[in-house]
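**Q** The following file, run_39.cif, comprises mmCIF, C-alpha atoms and all ligand atoms:
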```cif
data_query
#
loop_
_atom_site.group_PDB
_atom_site.id
_atom_site.type_symbol
_atom_site.label_atom_id
_atom_site.label_comp_id
_atom_site.auth_asym_id
_atom_site.auth_seq_id
_atom_site.Cartn_x
_atom_site.Cartn_y
_atom_site.Cartn_z
ATOM 1 C CA MET A 1 12.066 23.140 -9.951
ATOM 2 C CA LYS A 2 10.919 23.271 -13.576
ATOM 3 C CA GLN A 3 7.205 23.976 -13.586
ATOM 4 C CA VAL A 4 4.663 25.844 -15.635
ATOM 5 C CA ILE A 5 1.204 26.244 -14.110
ATOM 6 C CA LEU A 6 -1.917 27.077 -16.116
ATOM 7 C CA VAL A 7 -4.927 28.765 -14.547
ATOM 8 C CA GLY A 8 -8.165 30.085 -16.000
ATOM 9 C CA PHE A 9 -11.893 29.519 -16.178
ATOM 10 C CA MET A 10 -13.580 26.329 -17.366
ATOM 11 C CA GLY A 11 -13.307 26.123 -21.132
ATOM 12 C CA ALA A 12 -10.211 28.326 -21.301
ATOM 13 C CA GLY A 13 -8.227 25.514 -22.945
ATOM 14 C CA LYS A 14 -5.961 24.647 -20.015
ATOM 15 C CA THR A 15 -5.902 20.936 -20.847
ATOM 16 C CA THR A 16 -5.318 21.367 -24.589
ATOM 17 C CA ILE A 17 -2.625 24.003 -24.071
ATOM 18 C CA GLY A 18 -1.051 22.135 -21.159
ATOM 19 C CA LYS A 19 -0.646 18.893 -23.093
ATOM 20 C CA LEU A 20 0.794 20.659 -26.124
ATOM 21 C CA LEU A 21 3.125 22.769 -24.022
ATOM 22 C CA ALA A 22 4.407 19.728 -22.120
ATOM 23 C CA LYS A 23 5.072 17.934 -25.406
ATOM 24 C CA ARG A 24 6.926 20.934 -26.853
ATOM 25 C CA LYS A 25 9.041 21.350 -23.729
ATOM 26 C CA GLY A 26 9.598 17.641 -23.155
ATOM 27 C CA MET A 27 8.147 17.963 -19.665
ATOM 28 C CA PRO A 28 5.686 15.691 -17.839
ATOM 29 C CA TYR A 29 2.059 16.853 -17.908
ATOM 30 C CA TYR A 30 -0.252 16.844 -14.907
ATOM 31 C CA ASP A 31 -3.922 17.793 -14.828
ATOM 32 C CA ILE A 32 -5.169 18.286 -11.265
ATOM 33 C CA ASP A 33 -8.729 17.153 -12.118
ATOM 34 C CA GLU A 34 -7.424 14.075 -13.948
ATOM 35 C CA GLU A 35 -5.119 13.152 -11.075
ATOM 36 C CA ILE A 36 -8.003 13.445 -8.592
ATOM 37 C CA VAL A 37 -10.228 11.273 -10.805
ATOM 38 C CA GLN A 38 -7.505 8.603 -10.965
ATOM 39 C CA ASP A 39 -6.822 8.699 -7.216
ATOM 40 C CA GLN A 40 -10.483 8.636 -6.216
ATOM 41 C CA LYS A 41 -11.602 6.328 -9.046
ATOM 42 C CA GLN A 42 -14.595 8.632 -9.479
ATOM 43 C CA THR A 43 -15.514 11.342 -11.948
ATOM 44 C CA ILE A 44 -15.494 14.973 -10.804
ATOM 45 C CA ALA A 45 -19.294 14.979 -11.136
ATOM 46 C CA ALA A 46 -19.552 11.907 -8.870
ATOM 47 C CA ILE A 47 -17.232 13.461 -6.262
ATOM 48 C CA PHE A 48 -19.371 16.626 -6.205
ATOM 49 C CA ALA A 49 -22.586 14.593 -6.013
ATOM 50 C CA GLU A 50 -21.451 12.121 -3.362
ATOM 51 C CA SER A 51 -18.997 14.090 -1.225
ATOM 52 C CA GLY A 52 -19.801 17.717 -2.042
ATOM 53 C CA GLU A 53 -17.818 20.640 -3.425
ATOM 54 C CA GLU A 54 -15.955 21.266 -0.170
ATOM 55 C CA ALA A 55 -14.533 17.741 -0.186
ATOM 56 C CA PHE A 56 -13.466 18.212 -3.807
ATOM 57 C CA ARG A 57 -11.754 21.508 -2.931
ATOM 58 C CA LYS A 58 -9.721 19.760 -0.217
ATOM 59 C CA LEU A 59 -8.554 17.118 -2.691
ATOM 60 C CA GLU A 60 -7.707 19.910 -5.126
ATOM 61 C CA THR A 61 -5.527 21.765 -2.598
ATOM 62 C CA ALA A 62 -3.736 18.561 -1.561
ATOM 63 C CA LYS A 63 -3.066 17.695 -5.197
ATOM 64 C CA LEU A 64 -1.723 21.174 -5.954
ATOM 65 C CA GLN A 65 0.656 20.897 -3.008
ATOM 66 C CA GLU A 66 1.769 17.438 -4.140
ATOM 67 C CA LEU A 67 2.351 18.483 -7.763
ATOM 68 C CA LEU A 68 4.315 21.550 -6.756
ATOM 69 C CA GLY A 69 6.976 19.079 -5.671
ATOM 70 C CA LYS A 70 7.393 17.728 -9.203
ATOM 71 C CA ASN A 71 8.756 19.035 -12.486
ATOM 72 C CA GLY A 72 6.096 19.481 -15.127
ATOM 73 C CA VAL A 73 3.318 21.433 -16.761
ATOM 74 C CA ILE A 74 0.366 21.586 -14.370
ATOM 75 C CA SER A 75 -3.200 22.328 -15.515
ATOM 76 C CA THR A 76 -5.405 23.443 -12.654
ATOM 77 C CA GLY A 77 -9.198 23.353 -12.331
ATOM 78 C CA GLY A 78 -11.008 26.649 -12.838
ATOM 79 C CA GLY A 79 -11.870 26.903 -9.151
ATOM 80 C CA ILE A 80 -8.311 26.546 -7.830
ATOM 81 C CA VAL A 81 -8.184 30.280 -7.039
ATOM 82 C CA LEU A 82 -11.161 30.132 -4.670
ATOM 83 C CA ASN A 83 -8.998 28.887 -1.818
ATOM 84 C CA ALA A 84 -6.689 31.408 -0.117
ATOM 85 C CA ASP A 85 -3.973 28.800 0.567
ATOM 86 C CA ASN A 86 -3.932 27.852 -3.110
ATOM 87 C CA ARG A 87 -3.709 31.513 -4.070
ATOM 88 C CA GLU A 88 -0.750 32.008 -1.759
ATOM 89 C CA LEU A 89 1.075 29.021 -3.263
ATOM 90 C CA LEU A 90 0.392 30.226 -6.790
ATOM 91 C CA THR A 91 1.217 33.870 -6.187
ATOM 92 C CA SER A 92 4.703 33.006 -4.993
ATOM 93 C CA HIS A 93 5.342 30.892 -8.097
ATOM 94 C CA PRO A 94 7.241 32.480 -11.019
ATOM 95 C CA ALA A 95 5.469 30.711 -13.887
ATOM 96 C CA VAL A 96 1.699 30.893 -13.453
ATOM 97 C CA PHE A 97 -0.042 31.621 -16.753
ATOM 98 C CA TYR A 98 -3.608 32.877 -16.736
ATOM 99 C CA LEU A 99 -5.290 31.791 -19.963
ATOM 100 C CA GLN A 100 -7.664 34.697 -20.337
ATOM 101 C CA THR A 101 -10.782 33.818 -22.306
ATOM 102 C CA SER A 102 -13.880 35.912 -22.902
ATOM 103 C CA PRO A 103 -17.342 34.690 -21.884
ATOM 104 C CA THR A 104 -18.329 34.457 -25.557
ATOM 105 C CA THR A 105 -15.587 31.903 -26.131
ATOM 106 C CA PHE A 106 -15.981 29.781 -23.015
ATOM 107 C CA LEU A 107 -19.791 29.804 -23.132
ATOM 108 C CA GLU A 108 -19.628 28.464 -26.686
ATOM 109 C CA ARG A 109 -17.186 25.730 -25.615
ATOM 110 C CA LEU A 110 -19.167 24.806 -22.509
ATOM 111 C CA LYS A 111 -22.569 24.764 -24.221
ATOM 112 C CA GLU A 112 -22.869 20.986 -24.550
ATOM 113 C CA ASP A 113 -20.775 20.113 -21.489
ATOM 114 C CA THR A 114 -22.105 17.497 -19.107
ATOM 115 C CA SER A 115 -18.952 16.826 -17.072
ATOM 116 C CA ARG A 116 -18.648 20.030 -15.040
ATOM 117 C CA PRO A 117 -21.049 19.947 -12.090
ATOM 118 C CA LEU A 118 -20.981 23.698 -11.372
ATOM 119 C CA ILE A 119 -22.471 24.666 -14.710
ATOM 120 C CA GLN A 120 -25.158 22.035 -15.181
ATOM 121 C CA GLN A 121 -28.639 23.481 -15.631
ATOM 122 C CA LYS A 122 -27.225 26.998 -15.496
ATOM 123 C CA THR A 123 -28.104 29.794 -17.886
ATOM 124 C CA MET A 124 -25.300 31.620 -19.692
ATOM 125 C CA ALA A 125 -25.822 34.579 -17.357
ATOM 126 C CA GLU A 126 -25.420 32.308 -14.336
ATOM 127 C CA VAL A 127 -22.177 30.839 -15.697
ATOM 128 C CA GLU A 128 -20.891 34.363 -16.314
ATOM 129 C CA ALA A 129 -21.821 35.220 -12.732
ATOM 130 C CA ILE A 130 -19.511 32.414 -11.547
ATOM 131 C CA PHE A 131 -16.733 33.765 -13.778
ATOM 132 C CA GLU A 132 -16.877 37.488 -12.936
ATOM 133 C CA PRO A 133 -15.739 37.388 -9.277
ATOM 134 C CA ARG A 134 -12.952 34.988 -10.218
ATOM 135 C CA VAL A 135 -11.330 37.344 -12.731
ATOM 136 C CA PRO A 136 -9.379 39.376 -10.137
ATOM 137 C CA LEU A 137 -8.327 36.126 -8.461
ATOM 138 C CA TYR A 138 -6.885 34.701 -11.689
ATOM 139 C CA GLU A 139 -5.178 38.018 -12.374
ATOM 140 C CA GLY A 140 -3.868 38.138 -8.819
ATOM 141 C CA VAL A 141 -2.097 34.779 -8.924
ATOM 142 C CA ALA A 142 -0.776 35.098 -12.474
ATOM 143 C CA SER A 143 2.814 35.902 -13.249
ATOM 144 C CA HIS A 144 1.759 36.192 -16.903
ATOM 145 C CA ILE A 145 -1.580 36.826 -18.602
ATOM 146 C CA ILE A 146 -2.100 35.291 -22.038
ATOM 147 C CA THR A 147 -5.126 36.321 -24.087
ATOM 148 C CA THR A 148 -6.447 33.294 -25.934
ATOM 149 C CA ASP A 149 -9.510 34.375 -27.938
ATOM 150 C CA GLU A 150 -9.105 33.674 -31.648
ATOM 151 C CA LYS A 151 -5.601 32.249 -31.213
ATOM 152 C CA SER A 152 -4.647 28.691 -32.127
ATOM 153 C CA PRO A 153 -3.272 26.400 -29.402
ATOM 154 C CA GLU A 154 0.103 26.466 -31.211
ATOM 155 C CA VAL A 155 0.290 30.270 -31.074
ATOM 156 C CA ILE A 156 -0.657 30.292 -27.389
ATOM 157 C CA VAL A 157 1.980 27.671 -26.605
ATOM 158 C CA GLU A 158 4.642 29.710 -28.450
ATOM 159 C CA GLU A 159 3.708 32.767 -26.390
ATOM 160 C CA ILE A 160 4.068 30.805 -23.172
ATOM 161 C CA ILE A 161 7.401 29.319 -24.230
ATOM 162 C CA ALA A 162 8.712 32.789 -25.064
ATOM 163 C CA LYS A 163 7.921 33.873 -21.512
ATOM 164 C CA THR A 164 9.303 30.880 -19.629
ATOM 165 C CA THR A 165 12.854 30.421 -18.519
ATOM 166 C CA CYS A 166 12.724 26.725 -17.617
HETATM 167 C C1 LIG B 201 -14.284 23.803 -11.659
HETATM 168 C C2 LIG B 201 -13.566 23.557 -12.814
HETATM 169 C C3 LIG B 201 -13.311 22.210 -13.321
HETATM 170 C C4 LIG B 201 -13.317 21.189 -12.171
HETATM 171 C C5 LIG B 201 -14.572 21.313 -11.381
HETATM 172 C C6 LIG B 201 -14.781 22.708 -10.786
HETATM 173 C C7 LIG B 201 -14.531 25.200 -11.256
HETATM 174 O O1 LIG B 201 -12.048 22.158 -13.999
HETATM 175 O O2 LIG B 201 -12.186 21.377 -11.348
HETATM 176 O O3 LIG B 201 -15.643 20.970 -12.219
HETATM 177 O O4 LIG B 201 -14.904 25.445 -10.098
HETATM 178 O O5 LIG B 201 -14.321 26.115 -12.094
HETATM 179 P P1 LIG B 201 -11.816 22.806 -15.469
HETATM 180 O O6 LIG B 201 -11.502 24.261 -15.288
HETATM 181 O O7 LIG B 201 -10.632 22.056 -15.979
HETATM 182 O O8 LIG B 201 -13.031 22.577 -16.260
#
```
Could you rewrite the structure in this file as structure tokens?
Ligand code: S3P
**A**
Amino acid sequence: MKQVILVGFMGAGKTTIGKLLAKRKGMPYYDIDEEIVQDQKQTIAAIFAESGEEAFRKLETAKLQELLGKNGVISTGGGIVLNADNRELLTSHPAVFYLQTSPTTFLERLKEDTSRPLIQQKTMAEVEAIFEPRVPLYEGVASHIITTDEKSPEVIVEEIIAKTTC
């Protein structure tokens, strides 16, 4: 199976990098959040508001399992590592790239965001408090860690390509 999986916190650039990487490698691109939105015909914010986070997490796990059966570049949502089953699936995979981004960078990118339910009406310190306990989880599932601060998407994509065999 030819797959590259991107993990990392909200605002890490998973979608931008994933799309560019897929284009460069001539592979299909899948974004777990996007796929869920299409299937459910609802935004992520609406799913959280109407069905709750737990229901969203179930859809997320099912979608990860489904996409692991396809060739492609897969961008995950920042919370994919919260579920132990997801972590097990990812840990056994040879091409999981953690896009490591500092709080300064993602807080700047997320400042005006209205689409991510977990960070609405949160202070910067509260968003960082969501991030901190996830760091070891991202590191734990990653086969490769790519630092992204102050790098262009093109440079990041080249680094990933240099480390992939598929
Ligand atoms: C979430 C990240 C989001 C989305 C949802 C929850 C999280 O995806 O799945 O809002 O828990 O970190 P992105 O990382 O693509 O923003």
**Q** Calculated over all atoms listed in the file, which of the candidates A:Leu90, A:Ile80, A:Ala46, A:Ala162 has the smallest distance to Glu60 (chain A)?
**A**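 With all atoms listed in the file as the atom set, the closest residue is A:Ile80.
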**Q** Looking at all atoms listed in the file, which of A:Ala49, A:Met27, A:Val81, A:Ala62 is the one that sits closest to Val141 (chain A)?
**A**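 Closest residue, counting all atoms listed in the file: A:Val81.
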**Q** Any idea what's packed within 12 Å of Ile160 (chain A), counting all atoms listed in the file, ignoring anything in its chain fewer than 6 positions away? Could you give it as a list in words?
**A**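 Surrounding residues, per the criterion: Val4, Ile5, Leu6, Ile17, Gly18, Leu20, Leu21, Ala22, Arg24, Lys25, Val73, Ala95, Val96, Phe97, Tyr98, Leu99, Ser143, His144, Ile145, Ile146, Thr147, Thr148, Pro153, Glu154 and Cys166 of chain A.
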**Q** Apply the PyMOL selection byres (((chain A and resi 31-38) around 7) and not hetatm) to the structure shown and report the selected residues as a list of chain:residue names.
**A**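 Going through the file, the PyMOL selection byres (((chain A and resi 31-38) around 7) and not hetatm) ends up selecting A:Tyr29, A:Tyr30, A:Asp39, A:Gln40, A:Lys41, A:Gln42, A:Thr43, A:Ile44, A:Leu59, A:Glu60, A:Lys63, A:Leu64, A:Ile74, A:Ser75, A:Thr76, A:Gly77.
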**Q** Given the choices A:Thr15, A:Gln3, A:Thr114, A:Ser152, which gets closest to ligand LIG 201 (chain B) if the distance is worked out from all atoms listed in the file?
**A**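 Selected residue with least distance to ligand LIG 201 (chain B): A:Thr15.
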**Q** Between A:Thr164, A:Thr123, A:Thr105, A:Asn83, single out the one closest to ligand LIG 201 (chain B), counting only C-alpha atoms and all ligand atoms.
**A**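 Distance minimum relative to ligand LIG 201 (chain B) lands on A:Asn83.
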**Q** To check your reading of the model: which residues sit at most 6 Å from ligand LIG 201 (chain B) when counting only C-alpha atoms and all ligand atoms? Write the answer as a list in words.
**A**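 Protein and nucleic-acid residues within 6 Å of ligand LIG 201 (chain B): Phe9, Met10, Asp33, Gly77, Gly78, Gly79, Arg116 and Pro117 of chain A.
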**Q** Which residues are close to Glu112 (chain A), i.e. within 12 Å by only C-alpha atoms, leaving aside same-chain residues fewer than 6 positions away? Reply as a list of chain:residue names.
**A**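 Residues meeting the cut-off are A:Gly11, A:Phe106, A:Ile119, A:Gln120, A:Gln121, A:Lys122, A:Met124.
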**Q** Could you write out as lines of an AutoDock Vina configuration file the box around region 61-70 of chain A (axis-aligned, all atoms listed in the file, 8 Å on each side), with centre and edge lengths in Å to one decimal?
**A**
```
center_x = 0.9
center_y = 19.6
center_z = -5.4
size_x = 28.9
size_y = 20.3
size_z = 23.6
```
**Q** What is the CA of Thr61 (chain A) to CA of Arg134 (chain A) distance in Å?
**A** 17.0 Å
**Q** I need the residue nearest Leu118 (chain A) from this list: A:Ala55, A:Ala45, A:Val135, A:Leu68. Use all atoms listed in the file for the distance.
**A**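 Of A:Ala55, A:Ala45, A:Val135, A:Leu68, the one nearest Leu118 (chain A), counting all atoms listed in the file, is A:Ala45.
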**Q** Go through A:Pro28, A:Pro133, A:Gly140, A:Gly13 one by one, measure the shortest atom-to-atom distance of each to Gln100 (chain A) using all atoms listed in the file, and give the residue with the smallest value.
**A**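 Nearest to Gln100 (chain A): A:Gly13.
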**Q** Quick one: pull the distance between CA of Phe56 (chain A) and CA of Thr104 (chain A), Å, one decimal.
**A**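 Answer for the CA of Phe56 (chain A) to CA of Thr104 (chain A) separation: 27.6 Å.
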**Q** Do you have the CA of Leu107 (chain A)-CA of Asp149 (chain A) distance handy?
**A**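 Interatomic distance, CA of Leu107 (chain A) to CA of Asp149 (chain A): 12.2 Å.
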